[in-house]
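Trainee: Okay, here's the structure, questions in a sec.
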Amino acid sequence: MILSHRIALDPTAKQRIAFCRACGVARYAYNWALAEWKRQYEAGEKPNALALKRQWNQEKPKWVYDSPKDANQAPFAHLQSAFQKFFKKRANFPQFKCKGVHDCFSVSNDKFQVSGKRVRLPRIGTVRMREALRFDGKIVSGAVSRDADRWFLSVAVDAGPKYSRPRTGSAVIGVDLGVKSAATLSTGEHIEGPKPLRLLIDRMKTLQRRLSRKQKGSKNRVKAKAKVSRLHRRIRCVRSDFLHKLTTRLCRENQTAVIEDLNVRGMMANHKLARAISDIGFHEFRRQLQYKGALHGTIIVVADRWFPSTKTCHRCGAVVDMPLSERTFHCDCGYTEDRDINAALNLRTLGLRGINACGHGSSGSQLPSGVEPQNETTVVEAGTTPCSPLSTK
């Protein structure tokens, strides 16, 4: 299992300059490779990363030798991966990189050493870290990146196939994501999100307005841009901290967690809700929940996108049409409940169906590869028929 740890660095002034220089080398090599790739393709040739790297090694300028070697070698592998994703229709056509946007450079595992709260990087020297590496295992790769005015080291570690974290509970829980409450659990608990963008949107507008008034190329514009970047980082950190704590809690305290397969892209098309939806981070919640489920041995069930969790009565199973403005679910059988709690209960029932269906895994199981659950369970996706019927009452 490959785990990654992102650690804040505390570099000196000279080391910051060296970091910026290495990022510039990586950006220059990537843009050179992309331009050469496009030129060869338009000429009818078949470019590849290995041939471009050989050509680069013969033509590269001398000033790239002042930075780590991987800073001008790794971009070719990154470009090859970008084109593979493009041809598989998983990403857009690769674009040229701009200065100051996602600045980073890679370092191979045999080029740096981590010892306690210090890391030794080639051509740069020993850099202090804010914390020690959390995972034990073989270091696979590393990358130094900049976020606003701070620098970070991302270390990928192979912790082994049997790496796991203890789990304290064995319950089945349904999680309904929403805008009013970030998450509603089948236990009846409403978890409110911090909504950092909503709280700091006025400050963001003020700083961006000041930035737009600064003259391009001036030092005051650089200072104003740094303030905007720091505020963006603050918003990301608050949102990420909330999602990490919530997903860790759900995976640690439950054997099975059931969520919905939300069409986030379609939901973002609604301009009245797009900002609120992005402020919660639905996609990041699902991503964190799935990889943390692998660490804790928790089964993550993703219900079908068309499963009517909100419109289905948890007591009798009838499907009732209700608009989005109606926040309380009412059924002809007399059942009344908050619409989000009713949806979470239906998701939990879906998870219980999978557990009680049969004694082996089914095609709808969302168990990560290489990880075995601590208890034998079965998960079926929404719309399938379990081996034994289970009442929804």
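Letters for chains follow the order of the structure tokens (A, B, ...), residue numbers begin at 1 for each chain, and ligand numbers begin at 1 in the order shown.
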Skipping near chain neighbours, those fewer than 6 positions away, what residues fall within 12 Å of range 319-323 of chain A using only C-alpha atoms, listed as a PyMOL selection string?

Mentor: chain A and resi 307-313+329-333+335+339+342-343+346

Trainee: Any idea what's packed within 6 Å of Asp261 in chain A, counting only C-alpha atoms, ignoring anything in its chain fewer than 6 positions away? Could you give it as a VMD selection string?

Mentor: chain A and resid 302 to 305

Trainee: Keeping only N, CA and C atoms, write the selected residues to a file as a compact mmCIF listing (two decimals), in the first residue's frame.

Mentor:
```txt
# COMPACT_ATOMS: atom_id res chain seq x y z
N VAL A 302 -21.02 2.46 -2.33
CA VAL A 302 -21.47 3.62 -3.11
C VAL A 302 -22.80 3.25 -3.76
N ALA A 303 -23.87 3.85 -3.29
CA ALA A 303 -25.20 3.55 -3.83
C ALA A 303 -25.32 4.06 -5.26
N ASP A 304 -26.19 3.45 -6.01
CA ASP A 304 -26.41 3.84 -7.39
C ASP A 304 -26.90 5.28 -7.45
N ARG A 305 -26.52 5.97 -8.53
CA ARG A 305 -26.86 7.39 -8.66
C ARG A 305 -28.37 7.61 -8.69
```

Trainee: If DSSP is run on the backbone, what residues of range 185-383 of chain A are helix (DSSP H, G or I)? A reply as a PyMOL selection string would be ideal.

Mentor: chain A and resi 196-213+219-253+264-268+274-280+282-296+339-357

Trainee: Please produce an output containing C-alpha atoms for each residue in the selection, written as a tab-separated table (two decimals), in the first residue's frame.

Mentor:
```tsv
chain	number	residue	atom	x	y	z
A	196	PRO	CA	-14.83	28.71	4.97
A	197	LEU	CA	-15.46	30.27	1.56
A	198	ARG	CA	-18.80	31.64	2.69
A	199	LEU	CA	-17.23	33.15	5.82
A	200	LEU	CA	-14.28	34.72	3.98
A	201	ILE	CA	-15.90	35.62	0.66
A	202	ASP	CA	-16.08	39.34	1.52
A	203	ARG	CA	-12.40	39.39	2.42
A	204	MET	CA	-11.62	37.52	-0.80
A	205	LYS	CA	-13.52	40.07	-2.90
A	206	THR	CA	-11.68	42.94	-1.24
A	207	LEU	CA	-8.24	41.44	-1.82
A	208	GLN	CA	-9.00	40.50	-5.43
A	209	ARG	CA	-10.32	44.00	-6.12
A	210	ARG	CA	-7.12	45.49	-4.72
A	211	LEU	CA	-5.06	43.09	-6.82
A	212	SER	CA	-6.86	44.08	-10.02
A	213	ARG	CA	-5.99	47.73	-9.41
A	219	LYS	CA	6.14	44.97	-6.45
A	220	ASN	CA	2.82	46.01	-4.94
A	221	ARG	CA	1.05	43.65	-7.31
A	222	VAL	CA	3.33	40.82	-6.14
A	223	LYS	CA	2.45	41.60	-2.52
A	224	ALA	CA	-1.27	41.77	-3.28
A	225	LYS	CA	-1.11	38.46	-5.17
A	226	ALA	CA	0.61	36.86	-2.17
A	227	LYS	CA	-2.21	38.00	0.12
A	228	VAL	CA	-4.82	36.45	-2.17
A	229	SER	CA	-2.84	33.20	-2.33
A	230	ARG	CA	-2.55	33.01	1.45
A	231	LEU	CA	-6.29	33.50	1.85
A	232	HIS	CA	-6.99	30.75	-0.71
A	233	ARG	CA	-4.65	28.45	1.21
A	234	ARG	CA	-6.42	29.25	4.47
A	235	ILE	CA	-9.78	28.34	2.95
A	236	ARG	CA	-8.40	25.06	1.59
A	237	CYS	CA	-6.81	24.16	4.91
A	238	VAL	CA	-10.02	24.73	6.89
A	239	ARG	CA	-12.04	22.63	4.45
A	240	SER	CA	-9.41	19.88	4.28
A	241	ASP	CA	-9.09	19.71	8.08
A	242	PHE	CA	-12.86	19.24	8.45
A	243	LEU	CA	-13.04	16.52	5.78
A	244	HIS	CA	-10.06	14.62	7.18
A	245	LYS	CA	-11.48	14.56	10.70
A	246	LEU	CA	-14.95	13.52	9.49
A	247	THR	CA	-13.80	10.74	7.15
A	248	THR	CA	-11.36	9.37	9.73
A	249	ARG	CA	-14.12	9.23	12.32
A	250	LEU	CA	-16.54	7.44	9.98
A	251	CYS	CA	-13.96	4.81	8.98
A	252	ARG	CA	-12.68	4.31	12.51
A	253	GLU	CA	-16.07	3.86	14.18
A	264	VAL	CA	-21.08	16.64	-8.65
A	265	ARG	CA	-20.43	18.08	-12.10
A	266	GLY	CA	-24.15	18.24	-12.82
A	267	MET	CA	-24.85	19.77	-9.42
A	268	MET	CA	-22.21	22.44	-10.02
A	274	ALA	CA	-22.49	25.79	-7.08
A	275	ARG	CA	-20.60	27.87	-4.51
A	276	ALA	CA	-22.20	26.10	-1.54
A	277	ILE	CA	-21.50	22.67	-3.06
A	278	SER	CA	-17.87	23.47	-3.79
A	279	ASP	CA	-17.48	24.87	-0.28
A	280	ILE	CA	-18.34	21.45	1.18
A	282	PHE	CA	-18.30	16.34	-2.06
A	283	HIS	CA	-15.73	14.72	-4.36
A	284	GLU	CA	-12.90	15.13	-1.85
A	285	PHE	CA	-15.10	13.59	0.86
A	286	ARG	CA	-15.64	10.48	-1.24
A	287	ARG	CA	-11.96	10.23	-2.20
A	288	GLN	CA	-10.79	10.43	1.40
A	289	LEU	CA	-13.46	8.02	2.60
A	290	GLN	CA	-12.45	5.38	0.06
A	291	TYR	CA	-8.71	5.37	0.75
A	292	LYS	CA	-9.20	5.59	4.52
A	293	GLY	CA	-11.65	2.69	4.31
A	294	ALA	CA	-8.77	0.65	2.92
A	295	LEU	CA	-6.58	1.64	5.86
A	296	HIS	CA	-9.15	0.76	8.52
A	339	ARG	CA	-35.57	14.47	4.70
A	340	ASP	CA	-31.82	14.13	5.23
A	341	ILE	CA	-32.21	11.69	8.13
A	342	ASN	CA	-34.70	9.66	6.08
A	343	ALA	CA	-32.18	9.48	3.22
A	344	ALA	CA	-29.39	8.40	5.59
A	345	LEU	CA	-31.61	5.68	7.06
A	346	ASN	CA	-32.40	4.35	3.58
A	347	LEU	CA	-28.69	4.26	2.77
A	348	ARG	CA	-28.04	2.35	5.99
A	349	THR	CA	-30.76	-0.14	5.04
A	350	LEU	CA	-29.01	-0.64	1.72
A	351	GLY	CA	-25.83	-1.50	3.58
A	352	LEU	CA	-27.65	-3.94	5.86
A	353	ARG	CA	-29.09	-5.68	2.83
A	354	GLY	CA	-25.62	-6.29	1.54
A	355	ILE	CA	-24.40	-7.68	4.87
A	356	ASN	CA	-27.36	-10.04	5.34
A	357	ALA	CA	-27.61	-11.02	1.69
```

Trainee: In Å to one decimal, how far is CA of Asp338 in chain A from CA of Gly174 in chain A?

Mentor: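 Taking CA of Gly174 in chain A and CA of Asp338 in chain A, their separation equals 14.4 Å.
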
Trainee: Would you return as a ChimeraX atom specification the members of range 41-222 of chain A that DSSP assigns to strand (DSSP E) on this structure's backbone?

Mentor: /A:104-108,113-115,118-121,125-129,138-147,150-158,171-177,183-185,190-191

Trainee: Write out the residues from the selection above, keeping C-alpha atoms, as a PDB file, in the first residue's frame.

Mentor:
```pdb
ATOM      1  CA  CYS A 104       6.937  21.899  -7.911  1.00  0.00           C
ATOM      2  CA  PHE A 105       9.809  19.574  -8.764  1.00  0.00           C
ATOM      3  CA  SER A 106      10.328  15.849  -8.182  1.00  0.00           C
ATOM      4  CA  VAL A 107      13.127  13.994  -6.432  1.00  0.00           C
ATOM      5  CA  SER A 108      13.693  10.253  -6.857  1.00  0.00           C
ATOM      6  CA  GLN A 113      17.325  11.024   2.803  1.00  0.00           C
ATOM      7  CA  VAL A 114      14.888  11.721   5.637  1.00  0.00           C
ATOM      8  CA  SER A 115      16.222  11.668   9.181  1.00  0.00           C
ATOM      9  CA  ARG A 118      15.409  16.933   8.508  1.00  0.00           C
ATOM     10  CA  VAL A 119      15.628  16.016   4.837  1.00  0.00           C
ATOM     11  CA  ARG A 120      18.733  16.188   2.699  1.00  0.00           C
ATOM     12  CA  LEU A 121      18.064  17.195  -0.913  1.00  0.00           C
ATOM     13  CA  GLY A 125      21.393  20.611   1.310  1.00  0.00           C
ATOM     14  CA  THR A 126      19.678  19.791   4.594  1.00  0.00           C
ATOM     15  CA  VAL A 127      16.260  21.366   5.047  1.00  0.00           C
ATOM     16  CA  ARG A 128      14.303  21.424   8.286  1.00  0.00           C
ATOM     17  CA  MET A 129      10.814  19.906   8.392  1.00  0.00           C
ATOM     18  CA  LYS A 138      10.380   2.041   1.691  1.00  0.00           C
ATOM     19  CA  ILE A 139      10.388   5.563   0.279  1.00  0.00           C
ATOM     20  CA  VAL A 140       9.116   5.473  -3.303  1.00  0.00           C
ATOM     21  CA  SER A 141       9.419   9.092  -4.412  1.00  0.00           C
ATOM     22  CA  GLY A 142       9.368  12.676  -3.244  1.00  0.00           C
ATOM     23  CA  ALA A 143       8.269  16.070  -4.510  1.00  0.00           C
ATOM     24  CA  VAL A 144       8.768  19.631  -3.293  1.00  0.00           C
ATOM     25  CA  SER A 145       5.901  22.034  -3.981  1.00  0.00           C
ATOM     26  CA  ARG A 146       4.894  25.576  -3.117  1.00  0.00           C
ATOM     27  CA  ASP A 147       1.522  26.597  -1.738  1.00  0.00           C
ATOM     28  CA  ARG A 150       5.077  28.061   2.017  1.00  0.00           C
ATOM     29  CA  TRP A 151       6.988  24.998   0.815  1.00  0.00           C
ATOM     30  CA  PHE A 152       6.021  21.360   1.324  1.00  0.00           C
ATOM     31  CA  LEU A 153       7.654  17.973   0.838  1.00  0.00           C
ATOM     32  CA  SER A 154       5.416  15.100  -0.296  1.00  0.00           C
ATOM     33  CA  VAL A 155       6.920  11.684   0.430  1.00  0.00           C
ATOM     34  CA  ALA A 156       5.363   8.502  -0.982  1.00  0.00           C
ATOM     35  CA  VAL A 157       6.066   5.433   1.175  1.00  0.00           C
ATOM     36  CA  ASP A 158       5.398   1.765   0.439  1.00  0.00           C
ATOM     37  CA  ALA A 171     -21.648  -0.607  12.942  1.00  0.00           C
ATOM     38  CA  VAL A 172     -23.265   0.114   9.577  1.00  0.00           C
ATOM     39  CA  ILE A 173     -23.925   3.775   8.928  1.00  0.00           C
ATOM     40  CA  GLY A 174     -25.566   5.750   6.138  1.00  0.00           C
ATOM     41  CA  VAL A 175     -24.174   9.167   5.215  1.00  0.00           C
ATOM     42  CA  ASP A 176     -26.224  11.719   3.308  1.00  0.00           C
ATOM     43  CA  LEU A 177     -24.304  14.732   2.031  1.00  0.00           C
ATOM     44  CA  ALA A 183     -23.281  15.321   6.390  1.00  0.00           C
ATOM     45  CA  THR A 184     -26.323  13.718   7.999  1.00  0.00           C
ATOM     46  CA  LEU A 185     -25.769  10.339   9.636  1.00  0.00           C
ATOM     47  CA  HIS A 190     -26.333  16.555  11.696  1.00  0.00           C
ATOM     48  CA  ILE A 191     -22.725  17.558  11.058  1.00  0.00           C
TER      49      ILE A 191
END
```

Trainee: Of the residues A:His5, A:His314, A:Lys89, A:Lys14, which is the one nearest to Ile124 in chain A, using only C-alpha atoms?

Mentor: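 That would be A:Lys14, the residue with the smallest distance to Ile124 in chain A.
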
Trainee: How many Å lie between CA of Gln73 in chain A and CA of Gln40 in chain A, rounded to one decimal?

Mentor: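 For CA of Gln73 in chain A relative to CA of Gln40 in chain A, the distance reads 19.6 Å.
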
Trainee: Residues within 8 Å of Glu131 in chain A, please, as a PyMOL selection string. Count only C-alpha atoms; anything in the same chain fewer than 6 positions from it doesn't count.

Mentor: chain A and resi 7-8+116-117
